[in-house]
Amino acid sequence: LNEDVCVVGEKCVLVPYLREHVARYHEWMQDPELLELTCSERLTLDEEYGNQIAWQQDPRKCSFIILHLHPTRDSLAVLPTAYHQSRAASTAAGLPRTAAMAGDVNLFVLSDHDDEQEGDESDRVEVEIEVMIAEPSSRRKGLAREALLSMMSFFVSRGGHNVSAFIAKILESNTASINMFSSLGFVPYRKIPAFNEIHLRFALGEQRNQHILQQHLASCESISLQEFRDSFVADWLDVSTK
């Protein structure tokens, strides 16, 4: 669905999760706090490479890496954790597309056994969605909010699996994330005490929610991966390797 598509917004660019991103992603997932907040298990680097391939090939899953845009929106931001590398780099393979990595946004279609399906149309499905801003310098800047809207708008506009709702599963202790999802129109509908989780739903049947996604879709742009590399990556190299 997204193997050759990038979604350009005001604050971030969503790019397909590629092999070149795995090493940096693996570094993020060594952080105990991120592992807890994302309910993830620590994996080896080889396992992360395997996961990247599995997600890329699974038609029921969609994963984007979030790249932080420079405030001028015409180039990629150079994040502090990658700055020492970028200063020394010339045209090192892969560096321009990893130095601006801020996090990821993922979704996967829920089967009847994964979650309860509601509604009269049995062919409509619910989709679980999650977002992570791993880089501290990219937090509290609206990237997670924009990335979620871009992902949902992109998936619905591509006719993704006849979606009836998006579902977010969040730790009850993660109040910042719960508040952010709620501000987008996600409504709590279930608690899972065994996992300390709260589940929220963004119903596409509601006119307000349809308007939110349509409005956001008009503010972002889908381009090919090659177009992205020809424009934003070239700009990034121009400003960050001097």
# chains A, B, ... in the order shown; residues from 1 in each chain; ligands from 1
>>> residues_around(residues="A:Tyr189", least_positions_apart="6", cutoff="8 Å", atoms="only C-alpha atoms", output="list in words")
Ile198, His199, Leu200 and Arg201 of chain A
>>> write_last_selection(atoms="N, CA and C atoms", output="PDB file, in the first residue's frame")
ATOM      1  N   ILE A 198      -6.403   1.405  28.007  1.00  0.00           N
ATOM      2  CA  ILE A 198      -7.674   1.993  27.635  1.00  0.00           C
ATOM      3  C   ILE A 198      -7.743   2.010  26.112  1.00  0.00           C
ATOM      4  N   HIS A 199      -8.878   1.632  25.554  1.00  0.00           N
ATOM      5  CA  HIS A 199      -9.047   1.589  24.112  1.00  0.00           C
ATOM      6  C   HIS A 199      -9.955   2.730  23.669  1.00  0.00           C
ATOM      7  N   LEU A 200      -9.539   3.414  22.610  1.00  0.00           N
ATOM      8  CA  LEU A 200     -10.290   4.544  22.081  1.00  0.00           C
ATOM      9  C   LEU A 200     -10.625   4.297  20.615  1.00  0.00           C
ATOM     10  N   ARG A 201     -11.770   4.802  20.193  1.00  0.00           N
ATOM     11  CA  ARG A 201     -12.231   4.579  18.813  1.00  0.00           C
ATOM     12  C   ARG A 201     -12.474   5.904  18.098  1.00  0.00           C
TER      13      ARG A 201
END
>>> select_by_dssp(residues="stretch 98-232 of chain A", states="strand (DSSP E)", output="PDB file with C-alpha atoms, in the first residue's frame")
ATOM      1  CA  MET A 101      14.107  10.271  11.824  1.00  0.00           C
ATOM      2  CA  ALA A 102      11.795  11.278  14.668  1.00  0.00           C
ATOM      3  CA  GLY A 103       9.559   8.233  15.181  1.00  0.00           C
ATOM      4  CA  ASP A 104       7.054   5.997  13.443  1.00  0.00           C
ATOM      5  CA  VAL A 105       3.331   5.556  12.841  1.00  0.00           C
ATOM      6  CA  ASN A 106       1.781   2.148  12.159  1.00  0.00           C
ATOM      7  CA  LEU A 107      -1.563   0.530  11.590  1.00  0.00           C
ATOM      8  CA  PHE A 108      -2.853  -2.964  11.068  1.00  0.00           C
ATOM      9  CA  VAL A 109      -6.250  -4.381  10.228  1.00  0.00           C
ATOM     10  CA  VAL A 125     -13.235  -3.652   9.632  1.00  0.00           C
ATOM     11  CA  GLU A 126     -11.540  -1.761  12.409  1.00  0.00           C
ATOM     12  CA  VAL A 127      -7.901  -0.773  12.191  1.00  0.00           C
ATOM     13  CA  GLU A 128      -5.512  -0.376  15.112  1.00  0.00           C
ATOM     14  CA  ILE A 129      -3.225   2.648  14.874  1.00  0.00           C
ATOM     15  CA  GLU A 130      -0.226   3.704  16.952  1.00  0.00           C
ATOM     16  CA  VAL A 131       2.362   6.469  16.889  1.00  0.00           C
ATOM     17  CA  MET A 132       5.726   6.982  18.578  1.00  0.00           C
ATOM     18  CA  ILE A 133       7.926  10.066  18.685  1.00  0.00           C
ATOM     19  CA  VAL A 163     -12.494   0.854   7.381  1.00  0.00           C
ATOM     20  CA  SER A 164     -15.289   1.574   9.868  1.00  0.00           C
ATOM     21  CA  ALA A 165     -13.068   2.905  12.662  1.00  0.00           C
ATOM     22  CA  PHE A 166      -9.526   3.410  13.880  1.00  0.00           C
ATOM     23  CA  ILE A 167      -8.653   1.970  17.290  1.00  0.00           C
ATOM     24  CA  ALA A 168      -5.930   3.180  19.677  1.00  0.00           C
ATOM     25  CA  LYS A 169      -4.770   1.012  22.595  1.00  0.00           C
ATOM     26  CA  ILE A 170      -2.932   3.087  25.195  1.00  0.00           C
ATOM     27  CA  LEU A 171      -1.571   2.505  28.698  1.00  0.00           C
ATOM     28  CA  VAL A 187     -13.493   8.278  22.182  1.00  0.00           C
ATOM     29  CA  PRO A 188     -12.749   5.844  25.051  1.00  0.00           C
ATOM     30  CA  TYR A 189     -14.950   2.755  24.858  1.00  0.00           C
ATOM     31  CA  ARG A 190     -13.212   0.013  26.822  1.00  0.00           C
ATOM     32  CA  LYS A 191     -10.693  -0.634  29.582  1.00  0.00           C
ATOM     33  CA  ILE A 192      -8.524  -3.742  29.862  1.00  0.00           C
ATOM     34  CA  GLU A 197      -4.943  -0.303  28.823  1.00  0.00           C
ATOM     35  CA  ILE A 198      -7.674   1.993  27.635  1.00  0.00           C
ATOM     36  CA  HIS A 199      -9.047   1.589  24.112  1.00  0.00           C
ATOM     37  CA  LEU A 200     -10.290   4.544  22.081  1.00  0.00           C
ATOM     38  CA  ARG A 201     -12.231   4.579  18.813  1.00  0.00           C
ATOM     39  CA  PHE A 202     -12.307   7.083  15.923  1.00  0.00           C
ATOM     40  CA  ALA A 203     -15.537   6.199  14.092  1.00  0.00           C
ATOM     41  CA  GLU A 221       0.653  15.864  -0.418  1.00  0.00           C
ATOM     42  CA  SER A 222       1.476  12.330  -1.520  1.00  0.00           C
ATOM     43  CA  ILE A 223       4.618  11.963  -3.624  1.00  0.00           C
ATOM     44  CA  SER A 224       6.726   9.027  -4.758  1.00  0.00           C
TER      45      SER A 224
END
>>> select_by_dssp(residues="stretch 4-229 of chain A", states="alpha helix (DSSP H)", output="VMD selection string")
chain A and resid 22 to 28 32 to 37 45 to 57 80 to 88 95 to 98 143 to 157 175 to 184 207 to 217 225 to 228
>>> atom_distance(atom1="atom CA of A:Ser137", atom2="atom CA of A:Pro16")
21.9 Å
>>> closest_atom_pairs(of="stretch 126-238 of chain A", to="stretch 12-15 of chain A", cutoff="10 Å", atoms="only C-alpha atoms", output="CSV")
residue,atom,partner,partner_atom,distance
A:Gly142,CA,A:Cys12,CA,9.2
A:Leu143,CA,A:Cys12,CA,6.4
A:Ala144,CA,A:Cys12,CA,9.2
A:Glu146,CA,A:Cys12,CA,7.5
A:Ala147,CA,A:Cys12,CA,7.2
A:Ser150,CA,A:Leu14,CA,8.0
A:Met151,CA,A:Leu14,CA,8.1
A:Cys220,CA,A:Val13,CA,9.4
A:Glu221,CA,A:Val13,CA,9.5
A:Ser222,CA,A:Leu14,CA,9.3
A:Ile223,CA,A:Val15,CA,9.8
A:Ser224,CA,A:Val15,CA,9.4
A:Leu225,CA,A:Val15,CA,7.4
A:Phe228,CA,A:Val15,CA,8.7
A:Phe232,CA,A:Val13,CA,9.6
>>> atom_distance(atom1="atom CA of A:Asn209", atom2="atom CA of A:Pro193")
28.2 Å
>>> residues_around(residues="A:Ser157", least_positions_apart="2", cutoff="12 Å", atoms="only C-alpha atoms", output="PDB file with N, CA, C and O atoms, in the first residue's frame")
ATOM      1  N   LEU A   1       0.820  -1.214   0.000  1.00  0.00           N
ATOM      2  CA  LEU A   1       0.000   0.000   0.000  1.00  0.00           C
ATOM      3  C   LEU A   1       0.852   1.262   0.000  1.00  0.00           C
ATOM      4  O   LEU A   1       0.536   2.240  -0.653  1.00  0.00           O
ATOM      5  N   LEU A 149      -2.975  11.956  11.675  1.00  0.00           N
ATOM      6  CA  LEU A 149      -3.936  12.443  10.683  1.00  0.00           C
ATOM      7  C   LEU A 149      -3.491  12.092   9.268  1.00  0.00           C
ATOM      8  O   LEU A 149      -4.317  11.709   8.425  1.00  0.00           O
ATOM      9  N   SER A 150      -2.198  12.204   9.002  1.00  0.00           N
ATOM     10  CA  SER A 150      -1.689  11.870   7.666  1.00  0.00           C
ATOM     11  C   SER A 150      -1.859  10.383   7.377  1.00  0.00           C
ATOM     12  O   SER A 150      -2.262   9.999   6.281  1.00  0.00           O
ATOM     13  N   MET A 151      -1.558   9.543   8.348  1.00  0.00           N
ATOM     14  CA  MET A 151      -1.707   8.101   8.166  1.00  0.00           C
ATOM     15  C   MET A 151      -3.169   7.724   7.934  1.00  0.00           C
ATOM     16  O   MET A 151      -3.495   6.980   6.996  1.00  0.00           O
ATOM     17  N   MET A 152      -4.074   8.227   8.767  1.00  0.00           N
ATOM     18  CA  MET A 152      -5.483   7.889   8.627  1.00  0.00           C
ATOM     19  C   MET A 152      -6.045   8.407   7.304  1.00  0.00           C
ATOM     20  O   MET A 152      -6.773   7.691   6.601  1.00  0.00           O
ATOM     21  N   SER A 153      -5.708   9.643   6.953  1.00  0.00           N
ATOM     22  CA  SER A 153      -6.188  10.225   5.695  1.00  0.00           C
ATOM     23  C   SER A 153      -5.671   9.436   4.503  1.00  0.00           C
ATOM     24  O   SER A 153      -6.415   9.153   3.551  1.00  0.00           O
ATOM     25  N   PHE A 154      -4.389   9.085   4.548  1.00  0.00           N
ATOM     26  CA  PHE A 154      -3.776   8.317   3.459  1.00  0.00           C
ATOM     27  C   PHE A 154      -4.459   6.960   3.314  1.00  0.00           C
ATOM     28  O   PHE A 154      -4.832   6.557   2.206  1.00  0.00           O
ATOM     29  N   PHE A 155      -4.648   6.259   4.430  1.00  0.00           N
ATOM     30  CA  PHE A 155      -5.196   4.910   4.377  1.00  0.00           C
ATOM     31  C   PHE A 155      -6.634   4.921   3.851  1.00  0.00           C
ATOM     32  O   PHE A 155      -6.999   4.104   3.005  1.00  0.00           O
ATOM     33  N   GLY A 159      -8.577   3.662  -0.068  1.00  0.00           N
ATOM     34  CA  GLY A 159      -9.577   2.597   0.007  1.00  0.00           C
ATOM     35  C   GLY A 159      -9.169   1.450   0.888  1.00  0.00           C
ATOM     36  O   GLY A 159      -9.555   0.304   0.655  1.00  0.00           O
ATOM     37  N   GLY A 160      -8.402   1.759   1.927  1.00  0.00           N
ATOM     38  CA  GLY A 160      -7.853   0.704   2.771  1.00  0.00           C
ATOM     39  C   GLY A 160      -8.873  -0.148   3.503  1.00  0.00           C
ATOM     40  O   GLY A 160      -9.439   0.280   4.502  1.00  0.00           O
ATOM     41  N   HIS A 161      -9.137  -1.309   3.012  1.00  0.00           N
ATOM     42  CA  HIS A 161      -9.871  -2.360   3.713  1.00  0.00           C
ATOM     43  C   HIS A 161     -11.268  -1.966   4.205  1.00  0.00           C
ATOM     44  O   HIS A 161     -11.786  -2.548   5.138  1.00  0.00           O
ATOM     45  N   ASN A 162     -11.910  -0.966   3.594  1.00  0.00           N
ATOM     46  CA  ASN A 162     -13.284  -0.614   3.961  1.00  0.00           C
ATOM     47  C   ASN A 162     -13.390  -0.361   5.467  1.00  0.00           C
ATOM     48  O   ASN A 162     -14.147  -1.023   6.192  1.00  0.00           O
ATOM     49  N   VAL A 163     -12.638   0.603   5.950  1.00  0.00           N
ATOM     50  CA  VAL A 163     -12.494   0.854   7.381  1.00  0.00           C
ATOM     51  C   VAL A 163     -13.744   1.488   7.979  1.00  0.00           C
ATOM     52  O   VAL A 163     -14.302   2.434   7.426  1.00  0.00           O
ATOM     53  N   GLN A 210     -15.147  12.495   9.553  1.00  0.00           N
ATOM     54  CA  GLN A 210     -14.930  12.517   8.108  1.00  0.00           C
ATOM     55  C   GLN A 210     -14.393  13.878   7.677  1.00  0.00           C
ATOM     56  O   GLN A 210     -13.475  13.966   6.862  1.00  0.00           O
ATOM     57  N   LEU A 213     -10.623  14.346   8.575  1.00  0.00           N
ATOM     58  CA  LEU A 213      -9.702  13.669   7.655  1.00  0.00           C
ATOM     59  C   LEU A 213      -9.692  14.326   6.285  1.00  0.00           C
ATOM     60  O   LEU A 213      -8.636  14.464   5.656  1.00  0.00           O
ATOM     61  N   GLN A 214     -10.842  14.746   5.797  1.00  0.00           N
ATOM     62  CA  GLN A 214     -10.904  15.417   4.494  1.00  0.00           C
ATOM     63  C   GLN A 214     -10.137  16.727   4.527  1.00  0.00           C
ATOM     64  O   GLN A 214      -9.419  17.071   3.583  1.00  0.00           O
ATOM     65  N   HIS A 216      -7.640  17.483   6.530  1.00  0.00           N
ATOM     66  CA  HIS A 216      -6.204  17.222   6.613  1.00  0.00           C
ATOM     67  C   HIS A 216      -5.659  16.735   5.270  1.00  0.00           C
ATOM     68  O   HIS A 216      -4.556  17.124   4.864  1.00  0.00           O
ATOM     69  N   LEU A 217      -6.412  15.900   4.585  1.00  0.00           N
ATOM     70  CA  LEU A 217      -5.974  15.378   3.294  1.00  0.00           C
ATOM     71  C   LEU A 217      -5.686  16.511   2.323  1.00  0.00           C
ATOM     72  O   LEU A 217      -4.750  16.438   1.516  1.00  0.00           O
ATOM     73  N   ALA A 218      -6.470  17.580   2.412  1.00  0.00           N
ATOM     74  CA  ALA A 218      -6.278  18.728   1.520  1.00  0.00           C
ATOM     75  C   ALA A 218      -5.023  19.518   1.862  1.00  0.00           C
ATOM     76  O   ALA A 218      -4.516  20.287   1.028  1.00  0.00           O
ATOM     77  N   GLU A 221       0.391  16.264   0.975  1.00  0.00           N
ATOM     78  CA  GLU A 221       0.653  15.864  -0.418  1.00  0.00           C
ATOM     79  C   GLU A 221       1.318  14.495  -0.451  1.00  0.00           C
ATOM     80  O   GLU A 221       2.243  14.232   0.317  1.00  0.00           O
ATOM     81  N   SER A 222       0.846  13.645  -1.323  1.00  0.00           N
ATOM     82  CA  SER A 222       1.476  12.330  -1.520  1.00  0.00           C
ATOM     83  C   SER A 222       2.398  12.396  -2.723  1.00  0.00           C
ATOM     84  O   SER A 222       1.992  12.848  -3.803  1.00  0.00           O
TER      85      SER A 222
END
>>> atom_distance(atom1="atom CA of A:Asn2", atom2="atom CA of A:Val22")
17.0 Å
>>> closest_residue(among="A:Leu18, A:Asp230, A:Pro71, A:Glu33", to="A:Gln52", atoms="only C-alpha atoms")
A:Leu18
>>> residues_around(residues="A:Ala134", least_positions_apart="6", cutoff="12 Å", atoms="only C-alpha atoms", output="PyMOL selection string")
chain A and resi 24-35+37-38+65-68+79+81+100-105+140+143-144
>>> closest_residue(among="A:Ile178, A:Val156, A:Arg60, A:Arg145", to="A:Glu10", atoms="only C-alpha atoms")
A:Arg145
>>> closest_residue(among="A:Val5, A:Asn179, A:Ala194, A:Ala23", to="A:Glu47", atoms="only C-alpha atoms")
A:Ala23
